[in-house]
$ cat protein03.cif   # mmCIF, C-alpha atoms
data_upload
#
loop_
_atom_site.group_PDB
_atom_site.id
_atom_site.type_symbol
_atom_site.label_atom_id
_atom_site.label_comp_id
_atom_site.auth_asym_id
_atom_site.auth_seq_id
_atom_site.Cartn_x
_atom_site.Cartn_y
_atom_site.Cartn_z
ATOM 1 C CA MET A 546 21.203 13.544 42.305
ATOM 2 C CA ILE A 547 21.753 11.452 45.446
ATOM 3 C CA ASP A 548 25.252 10.014 44.908
ATOM 4 C CA VAL A 549 28.258 9.854 42.606
ATOM 5 C CA VAL A 550 29.133 6.586 40.873
ATOM 6 C CA SER A 551 32.758 5.760 40.086
ATOM 7 C CA CYS A 552 33.141 4.936 36.390
ATOM 8 C CA GLU A 553 35.860 4.518 33.749
ATOM 9 C CA ILE A 554 36.063 3.999 29.982
ATOM 10 C CA SER A 555 38.119 1.091 28.684
ATOM 11 C CA GLY A 556 39.323 0.775 25.097
ATOM 12 C CA SER A 557 40.184 4.483 24.746
ATOM 13 C CA PRO A 558 41.255 5.904 22.382
ATOM 14 C CA ILE A 559 38.959 4.621 19.629
ATOM 15 C CA THR A 560 38.501 5.463 15.977
ATOM 16 C CA VAL A 561 35.331 7.334 15.007
ATOM 17 C CA GLY A 562 32.473 4.826 14.900
ATOM 18 C CA LYS A 563 34.321 2.124 16.866
ATOM 19 C CA LYS A 564 33.255 0.906 20.309
ATOM 20 C CA ALA A 565 34.507 1.350 23.887
ATOM 21 C CA THR A 566 33.058 0.267 27.236
ATOM 22 C CA LEU A 567 31.834 2.500 30.074
ATOM 23 C CA SER A 568 32.071 0.560 33.365
ATOM 24 C CA CYS A 569 30.556 1.708 36.658
ATOM 25 C CA ASN A 570 30.787 0.091 40.090
ATOM 26 C CA VAL A 571 27.598 0.274 42.179
ATOM 27 C CA ASP A 572 26.217 -1.325 45.307
ATOM 28 C CA GLU A 573 24.974 -4.699 44.114
ATOM 29 C CA THR A 574 21.902 -4.468 46.350
ATOM 30 C CA LEU A 575 20.716 -1.471 44.338
ATOM 31 C CA ILE A 576 20.347 -3.455 41.125
ATOM 32 C CA THR A 577 19.580 -7.015 42.265
ATOM 33 C CA SER A 578 15.795 -6.725 42.012
ATOM 34 C CA ILE A 579 15.647 -4.063 39.254
ATOM 35 C CA PRO A 580 14.587 -5.220 35.744
ATOM 36 C CA GLN A 581 17.197 -4.827 32.991
ATOM 37 C CA GLU A 582 15.106 -2.324 31.057
ATOM 38 C CA LYS A 583 14.980 0.064 34.044
ATOM 39 C CA ILE A 584 18.756 0.553 34.163
ATOM 40 C CA GLY A 585 20.457 2.913 31.723
ATOM 41 C CA PHE A 586 22.633 5.951 31.073
ATOM 42 C CA ILE A 587 21.538 9.377 29.826
ATOM 43 C CA GLN A 588 23.431 12.511 28.813
ATOM 44 C CA GLN A 589 22.767 15.937 30.248
ATOM 45 C CA GLY A 590 24.146 19.298 29.229
ATOM 46 C CA LYS A 591 25.769 20.291 25.917
ATOM 47 C CA ASP A 592 28.928 19.203 24.061
ATOM 48 C CA PRO A 593 31.127 17.289 24.489
ATOM 49 C CA GLU A 594 28.478 14.942 25.963
ATOM 50 C CA HIS A 595 26.684 14.852 22.631
ATOM 51 C CA SER A 596 29.839 13.508 20.969
ATOM 52 C CA ILE A 597 29.146 9.970 22.190
ATOM 53 C CA ALA A 598 26.242 7.558 21.851
ATOM 54 C CA PHE A 599 25.132 4.640 24.017
ATOM 55 C CA LEU A 600 24.703 1.340 22.142
ATOM 56 C CA GLY A 601 22.319 -1.411 23.261
ATOM 57 C CA SER A 602 21.300 -2.150 26.835
ATOM 58 C CA VAL A 603 23.357 -2.166 30.046
ATOM 59 C CA GLU A 604 25.141 -5.427 30.970
ATOM 60 C CA ARG A 605 25.234 -6.406 34.637
ATOM 61 C CA VAL A 606 28.280 -8.300 35.995
ATOM 62 C CA GLY A 607 27.927 -8.535 39.759
ATOM 63 C CA GLY A 608 28.081 -4.975 41.047
ATOM 64 C CA THR A 609 29.517 -3.641 37.762
ATOM 65 C CA LEU A 610 27.361 -2.061 35.046
ATOM 66 C CA LYS A 611 28.838 -2.076 31.547
ATOM 67 C CA GLN A 612 27.578 0.091 28.702
ATOM 68 C CA THR A 613 28.919 -0.045 25.136
ATOM 69 C CA ILE A 614 29.568 3.450 23.727
ATOM 70 C CA THR A 615 30.892 4.939 20.520
ATOM 71 C CA GLY A 616 32.255 8.325 19.514
ATOM 72 C CA TYR A 617 31.447 10.089 16.290
ATOM 73 C CA ARG A 618 33.528 13.295 16.563
ATOM 74 C CA PRO A 619 37.371 13.293 16.743
ATOM 75 C CA GLY A 620 38.943 14.716 19.875
ATOM 76 C CA ASP A 621 39.965 14.050 23.483
ATOM 77 C CA PHE A 622 36.878 14.637 25.631
ATOM 78 C CA GLU A 623 36.081 14.686 29.310
ATOM 79 C CA PHE A 624 32.446 13.836 30.026
ATOM 80 C CA THR A 625 30.898 15.315 33.146
ATOM 81 C CA GLY A 626 27.171 15.220 32.324
ATOM 82 C CA ILE A 627 26.494 11.476 32.244
ATOM 83 C CA VAL A 628 23.776 10.216 34.595
ATOM 84 C CA LEU A 629 23.055 6.610 35.618
ATOM 85 C CA LYS A 630 19.349 5.836 36.142
ATOM 86 C CA ILE A 631 18.350 2.844 38.251
ATOM 87 C CA ASP A 632 14.568 2.576 38.323
ATOM 88 C CA ASP A 633 13.404 6.009 39.591
ATOM 89 C CA LYS A 634 16.801 6.967 41.091
ATOM 90 C CA GLU A 635 19.539 8.999 39.399
ATOM 91 C CA PHE A 636 23.302 8.859 40.102
ATOM 92 C CA LYS A 637 25.897 11.283 38.796
ATOM 93 C CA VAL A 638 28.701 9.520 36.931
ATOM 94 C CA SER A 639 32.226 10.577 37.864
ATOM 95 C CA PRO A 640 34.056 12.451 35.066
ATOM 96 C CA VAL A 641 35.463 10.098 32.422
ATOM 97 C CA ARG A 642 37.696 10.679 29.394
ATOM 98 C CA LEU A 643 37.443 9.260 25.873
ATOM 99 C CA GLY A 644 39.856 9.827 23.019
ATOM 100 C CA VAL A 645 38.331 9.579 19.534
ATOM 101 C CA ASP A 646 40.647 9.466 16.512
ATOM 102 C CA SER A 647 39.755 10.488 12.979
ATOM 103 C CA VAL A 648 39.447 7.766 10.328
ATOM 104 C CA ILE A 649 42.112 9.631 8.303
ATOM 105 C CA ASP A 650 45.660 8.250 8.548
ATOM 106 C CA ARG A 651 47.579 10.204 11.210
ATOM 107 C CA ASN A 652 50.673 10.290 8.962
ATOM 108 C CA GLN A 653 48.803 11.789 6.030
ATOM 109 C CA GLN A 654 49.286 15.525 6.023
ATOM 110 C CA GLN A 655 46.393 16.346 3.656
ATOM 111 C CA PRO A 656 43.320 14.374 2.588
ATOM 112 C CA THR A 657 43.532 12.755 -0.841
ATOM 113 C CA PRO A 658 42.289 15.423 -3.296
ATOM 114 C CA TYR A 659 39.279 14.720 -5.492
ATOM 115 C CA PRO A 660 39.943 14.466 -9.270
ATOM 116 C CA ASN A 661 39.791 17.808 -11.029
ATOM 117 C CA TYR A 662 36.651 17.386 -13.096
ATOM 118 C CA GLU A 663 36.189 19.795 -15.966
ATOM 119 C CA PRO A 664 32.765 21.488 -15.823
ATOM 120 C CA MET A 665 30.393 21.114 -18.784
ATOM 121 C CA THR A 666 30.883 24.251 -20.839
ATOM 122 C CA GLN A 667 28.009 23.903 -23.341
ATOM 123 C CA TRP A 668 24.616 22.300 -23.849
ATOM 124 C CA ALA A 669 23.975 19.445 -26.256
ATOM 125 C CA PRO A 670 23.343 20.651 -29.814
ATOM 126 C CA LEU A 671 19.822 21.671 -30.852
ATOM 127 C CA TRP A 672 19.338 18.722 -33.234
ATOM 128 C CA TRP A 673 19.908 16.352 -30.286
ATOM 129 C CA TRP A 674 17.047 17.922 -28.316
ATOM 130 C CA ILE A 675 14.770 17.942 -31.361
ATOM 131 C CA MET A 676 15.460 14.261 -32.140
ATOM 132 C CA TRP A 677 14.933 12.952 -28.616
ATOM 133 C CA GLY A 678 12.023 15.326 -28.007
ATOM 134 C CA GLY A 679 10.335 13.975 -31.131
ATOM 135 C CA ILE A 680 10.957 10.369 -30.044
ATOM 136 C CA PHE A 681 9.504 11.110 -26.612
ATOM 137 C CA LEU A 682 6.382 12.801 -28.025
ATOM 138 C CA PHE A 683 5.852 9.937 -30.494
ATOM 139 C CA ALA A 684 6.142 7.334 -27.719
ATOM 140 C CA LEU A 685 3.795 9.388 -25.531
ATOM 141 C CA ALA A 686 1.211 9.614 -28.331
ATOM 142 C CA ILE A 687 1.405 5.846 -28.943
ATOM 143 C CA GLY A 688 0.968 5.200 -25.215
ATOM 144 C CA ILE A 689 -2.059 7.519 -24.978
ATOM 145 C CA TRP A 690 -3.639 5.955 -28.090
ATOM 146 C CA ARG A 691 -3.161 2.419 -26.748
ATOM 147 C CA PHE A 692 -4.576 3.449 -23.366
ATOM 148 C CA ILE A 693 -7.675 4.992 -24.972
ATOM 149 C CA LYS A 694 -8.126 1.916 -27.154
ATOM 150 C CA TRP A 695 -7.836 -0.349 -24.115
ATOM 151 C CA LYS A 696 -10.374 1.732 -22.158
ATOM 152 C CA ARG A 697 -12.868 1.649 -25.034
ATOM 153 C CA ALA A 698 -12.481 -2.114 -25.451
ATOM 154 C CA LYS A 699 -12.961 -2.608 -21.717
ATOM 155 C CA ARG A 700 -16.084 -0.425 -21.714
ATOM 156 C CA ALA A 701 -17.509 -2.221 -24.770
ATOM 157 C CA LYS A 702 -16.861 -5.595 -23.137
ATOM 158 C CA ALA A 703 -18.605 -4.496 -19.948
ATOM 159 C CA GLU A 704 -21.592 -3.127 -21.872
ATOM 160 C CA ALA A 705 -21.830 -6.329 -23.905
ATOM 161 C CA ALA A 706 -21.762 -8.401 -20.728
ATOM 162 C CA ILE A 707 -24.589 -6.314 -19.280
ATOM 163 C CA ALA A 708 -26.595 -6.471 -22.502
ATOM 164 C CA ASN A 709 -26.194 -10.239 -22.874
ATOM 165 C CA ARG A 710 -26.932 -11.272 -19.317
ATOM 166 C CA PRO A 711 -30.431 -12.655 -18.749
ATOM 167 C CA LEU A 712 -32.873 -10.211 -17.190
ATOM 168 C CA SER A 713 -34.282 -10.968 -13.756
ATOM 169 C CA PRO A 714 -38.075 -11.283 -13.343
ATOM 170 C CA ARG A 715 -38.114 -7.834 -11.715
ATOM 171 C CA GLU A 716 -36.247 -6.268 -14.685
ATOM 172 C CA LYS A 717 -38.555 -7.931 -17.204
ATOM 173 C CA PHE A 718 -41.581 -6.609 -15.323
ATOM 174 C CA GLN A 719 -40.162 -3.085 -15.119
ATOM 175 C CA ASN A 720 -39.267 -3.024 -18.842
ATOM 176 C CA LYS A 721 -42.724 -4.212 -19.867
ATOM 177 C CA MET A 722 -44.434 -1.667 -17.613
ATOM 178 C CA ARG A 723 -42.342 1.169 -19.036
ATOM 179 C CA LYS A 724 -43.179 0.072 -22.571
ATOM 180 C CA LEU A 725 -46.913 -0.130 -21.816
ATOM 181 C CA GLU A 726 -46.927 3.316 -20.213
ATOM 182 C CA SER A 727 -45.068 4.788 -23.211
ATOM 183 C CA GLN A 728 -47.646 3.358 -25.663
ATOM 184 C CA ASN A 729 -50.401 5.469 -24.031
ATOM 185 C CA PHE A 730 -53.225 3.066 -24.951
ATOM 186 C CA HIS A 731 -55.341 4.433 -22.100
ATOM 187 C CA MET A 732 -54.904 8.022 -23.314
ATOM 188 C CA LEU A 733 -55.751 7.074 -26.928
ATOM 189 C CA GLY A 734 -58.980 5.316 -25.938
ATOM 190 C CA GLN A 735 -57.595 1.851 -26.768
ATOM 191 C CA PHE A 736 -58.755 0.414 -23.458
ATOM 192 C CA LYS A 737 -59.000 -3.227 -24.574
ATOM 193 C CA ASN A 738 -55.369 -3.225 -25.779
ATOM 194 C CA PHE A 739 -54.411 -1.613 -22.497
ATOM 195 C CA ALA A 740 -56.225 -4.295 -20.463
ATOM 196 C CA ILE A 741 -54.838 -7.197 -22.537
ATOM 197 C CA GLN A 742 -51.242 -5.932 -22.224
ATOM 198 C CA LEU A 743 -51.434 -5.159 -18.489
ATOM 199 C CA SER A 744 -53.106 -8.490 -17.704
ATOM 200 C CA GLN A 745 -50.422 -10.366 -19.640
ATOM 201 C CA ILE A 746 -47.652 -8.425 -17.853
ATOM 202 C CA MET A 747 -49.036 -9.369 -14.431
ATOM 203 C CA LYS A 748 -49.395 -13.055 -15.339
ATOM 204 C CA SER A 749 -45.882 -13.181 -16.850
ATOM 205 C CA ALA A 750 -44.437 -11.610 -13.699
ATOM 206 C CA LEU A 751 -46.089 -14.287 -11.574
ATOM 207 C CA ALA A 752 -44.922 -17.039 -13.934
ATOM 208 C CA ASP A 753 -41.292 -15.785 -13.937
ATOM 209 C CA GLU A 754 -41.079 -15.259 -10.192
ATOM 210 C CA LEU A 755 -43.031 -18.288 -8.940
ATOM 211 C CA LYS A 756 -42.114 -20.731 -11.757
ATOM 212 C CA PHE A 757 -45.549 -21.932 -12.915
ATOM 213 C CA PRO A 758 -47.426 -21.419 -16.243
ATOM 214 C CA ALA A 759 -49.561 -18.468 -15.144
ATOM 215 C CA ASP A 760 -49.724 -17.150 -18.743
ATOM 216 C CA ASP A 761 -51.836 -20.122 -19.826
ATOM 217 C CA GLN A 762 -54.335 -19.911 -16.972
ATOM 218 C CA THR A 763 -57.585 -18.026 -16.670
ATOM 219 C CA THR A 764 -57.929 -15.519 -13.882
ATOM 220 C CA GLU A 765 -59.914 -17.973 -11.754
ATOM 221 C CA GLU A 766 -57.371 -20.764 -12.324
ATOM 222 C CA LEU A 767 -54.582 -18.361 -11.435
ATOM 223 C CA PHE A 768 -56.210 -17.466 -8.120
ATOM 224 C CA LEU A 769 -56.699 -21.148 -7.270
ATOM 225 C CA THR A 770 -53.061 -21.965 -8.060
ATOM 226 C CA LEU A 771 -51.775 -19.086 -5.957
ATOM 227 C CA GLN A 772 -54.040 -19.998 -3.055
ATOM 228 C CA SER A 773 -53.047 -23.671 -3.079
ATOM 229 C CA ARG A 774 -49.319 -23.527 -3.976
ATOM 230 C CA HIS A 775 -48.102 -20.041 -3.064
ATOM 231 C CA LYS A 776 -50.112 -19.039 -0.025
ATOM 232 C CA LYS A 777 -47.545 -16.673 1.521
ATOM 233 C CA VAL A 778 -47.024 -14.723 -1.699
ATOM 234 C CA TYR A 779 -50.754 -14.647 -2.427
ATOM 235 C CA ALA A 780 -51.432 -13.288 1.056
ATOM 236 C CA ARG A 781 -49.170 -10.304 0.279
ATOM 237 C CA ILE A 782 -50.605 -9.440 -3.128
ATOM 238 C CA GLU A 783 -54.219 -10.665 -3.065
ATOM 239 C CA GLU A 784 -55.678 -7.387 -1.854
ATOM 240 C CA GLU A 785 -54.501 -5.523 -4.980
ATOM 241 C CA LEU A 786 -53.953 -8.305 -7.522
ATOM 242 C CA LYS A 787 -57.419 -9.853 -7.386
ATOM 243 C CA PRO A 788 -59.496 -6.682 -8.007
ATOM 244 C CA LEU A 789 -56.971 -5.560 -10.645
ATOM 245 C CA LEU A 790 -57.199 -8.739 -12.759
ATOM 246 C CA LEU A 791 -60.977 -8.949 -12.367
ATOM 247 C CA GLU A 792 -61.337 -5.336 -13.507
ATOM 248 C CA LEU A 793 -59.072 -5.985 -16.509
ATOM 249 C CA ASP A 794 -61.222 -9.007 -17.426
ATOM 250 C CA GLN A 795 -64.262 -6.711 -17.425
ATOM 251 C CA ILE A 796 -62.534 -4.383 -19.877
ATOM 252 C CA LYS A 797 -61.348 -7.265 -22.104
ATOM 253 C CA PHE A 798 -64.472 -9.421 -22.187
ATOM 254 C CA ALA A 799 -67.406 -7.300 -20.994
ATOM 255 C CA LYS A 800 -66.315 -4.297 -23.039
ATOM 256 C CA LYS A 801 -66.322 -2.037 -19.999
ATOM 257 C CA LEU A 802 -65.024 1.422 -20.847
ATOM 258 C CA PRO A 803 -62.862 2.875 -18.086
ATOM 259 C CA THR A 804 -61.630 6.451 -17.922
ATOM 260 C CA PRO A 805 -57.955 7.331 -18.496
ATOM 261 C CA GLU A 806 -57.751 8.190 -14.804
ATOM 262 C CA GLU A 807 -59.025 4.729 -13.837
ATOM 263 C CA CYS A 808 -56.384 3.192 -16.130
ATOM 264 C CA ARG A 809 -53.753 5.265 -14.363
ATOM 265 C CA ILE A 810 -54.962 3.811 -11.051
ATOM 266 C CA HIS A 811 -54.704 0.293 -12.529
ATOM 267 C CA LEU A 812 -51.059 1.017 -13.458
ATOM 268 C CA ASP A 813 -50.344 2.205 -9.919
ATOM 269 C CA HIS A 814 -51.879 -0.985 -8.507
ATOM 270 C CA ALA A 815 -49.772 -3.074 -10.906
ATOM 271 C CA HIS A 816 -46.583 -1.347 -9.689
ATOM 272 C CA SER A 817 -47.657 -1.941 -6.081
ATOM 273 C CA VAL A 818 -48.207 -5.660 -6.763
ATOM 274 C CA GLY A 819 -44.742 -5.786 -8.382
ATOM 275 C CA ARG A 820 -43.114 -4.241 -5.323
ATOM 276 C CA LYS A 821 -44.783 -6.750 -3.022
ATOM 277 C CA LEU A 822 -44.018 -9.662 -5.351
ATOM 278 C CA PHE A 823 -40.329 -8.884 -5.949
ATOM 279 C CA GLY A 824 -39.572 -6.809 -2.850
ATOM 280 C CA GLY A 825 -38.296 -3.214 -3.008
ATOM 281 C CA SER A 826 -39.112 -0.991 -5.977
ATOM 282 C CA ALA A 827 -40.856 -2.278 -9.115
#
$ encode --input "protein03.cif" --output "structure tokens"
Amino acid sequence: MIDVVSCEISGSPITVGKKATLSCNVDETLITSIPQEKIGFIQQGKDPEHSIAFLGSVERVGGTLKQTITGYRPGDFEFTGIVLKIDDKEFKVSPVRLGVDSVIDRNQQQPTPYPNYEPMTQWAPLWWWIMWGGIFLFALAIGIWRFIKWKRAKRAKAEAAIANRPLSPREKFQNKMRKLESQNFHMLGQFKNFAIQLSQIMKSALADELKFPADDQTTEELFLTLQSRHKKVYARIEEELKPLLLELDQIKFAKKLPTPEECRIHLDHAHSVGRKLFGGSA
């Protein structure tokens, strides 16, 4: 503390919760260049200081600082622990007094008594609990049943939407490849059926993805179309597609008999072409 500031409270006494004004006279040069937010009052010590509260910011009127205060505990208090802060300086406030009156009428000897309520002496009868308990359980069961029904309808609608949506070229290719692998033509010695199905799957994939009638073209015509109209795609898949289709033609038309292991390699090459054609896994 470096100095004591002379202060007084106007408007005293007040009723609990009402407002009074704490006014302090200071050297005007101390506050001229200080921002408003750096001027304020704080409380130090214990009660009765904690029986008042500062409201809002400090008002400057020349060399007078005014702070709105309120009291929230009845009594006649002298405050000795109030400190005025101006920027980084602190000033002890001279002792001030504030009278705070209760909100109860001074002429009333005793507070108005509360009505004398009779306590509940017994619970509701058993039939009342049974009736309302039954109604609650019935409503709960109806709510659960309707919720389950709604969930099932929502799931069925979602599944129907998935089932009815058109398959992408990638999905068609994957489904056909899974079906061919499950038929096990190459393990049963039905190599021609295997070659016909795999060749048709590859041509359909190209037709679906690149939008041209690959199914109706011979292998040579297919290569020419890819080379002339789809050069970028053909550059990605030529290395595996060309030997695969030519080998399948040998099985279909030249009656070449591959081994099951060679057929397995053809399936792997077909999957690799699918990945390069569609991107990602196929």
$ closest_atom_pairs --input "protein03.cif" --of "region 770-810 of chain A" --to "region 740-756 of chain A" --cutoff "7 Å" --atoms "all atoms listed in the file" --output "CSV"
residue,atom,partner,partner_atom,distance
A:Leu790,CA,A:Ser744,CA,6.4
A:Leu793,CA,A:Ala740,CA,5.2
A:Ile796,CA,A:Ala740,CA,6.3
A:Lys797,CA,A:Ala740,CA,6.1
$ closest_residue --input "protein03.cif" --among "A:Lys717, A:Arg642, A:Lys696, A:Lys611" --to "Thr625 (chain A)" --atoms "only C-alpha atoms"
A:Arg642
$ closest_residue --input "protein03.cif" --among "A:Gln772, A:Thr764, A:Ser639, A:Ser551" --to "Asp794 (chain A)" --atoms "all atoms listed in the file"
A:Thr764
$ atom_distance --input "protein03.cif" --atom1 "CA of Ile631 (chain A)" --atom2 "CA of Gly585 (chain A)"
6.9 Å
$ axis_aligned_box --input "protein03.cif" --around "region 770-789 of chain A" --padding-each-side "6 Å" --output "JSON"
{"center_x": -53.3, "center_y": -14.6, "center_z": -4.6, "size_x": 24.5, "size_y": 30.1, "size_z": 24.2}
$ atom_distance --input "protein03.cif" --atom1 "CA of Gly620 (chain A)" --atom2 "CA of Val645 (chain A)"
5.2 Å
$ atom_distance --input "protein03.cif" --atom1 "CA of Glu792 (chain A)" --atom2 "CA of His811 (chain A)"
8.8 Å
$ resolve_selection --input "protein03.cif" --expression "the PyMOL selection byres ((chain A and resi 734) around 12)" --output "PyMOL selection string"
chain A and resi 728-733+735-740+796+801-806+808
$ closest_residue --input "protein03.cif" --among "A:Asp572, A:Trp674, A:Gly562, A:Arg781" --to "Gly607 (chain A)" --atoms "all atoms listed in the file"
A:Asp572
$ closest_residue --input "protein03.cif" --among "A:Glu807, A:Lys724, A:Ala815, A:Val603" --to "Lys787 (chain A)" --atoms "all atoms listed in the file"
A:Ala815
$ residues_around --input "protein03.cif" --residues "Ser557 (chain A)" --least-positions-apart "5" --cutoff "10 Å" --atoms "all atoms listed in the file" --output "PyMOL selection string"
chain A and resi 564-566+621+642-646
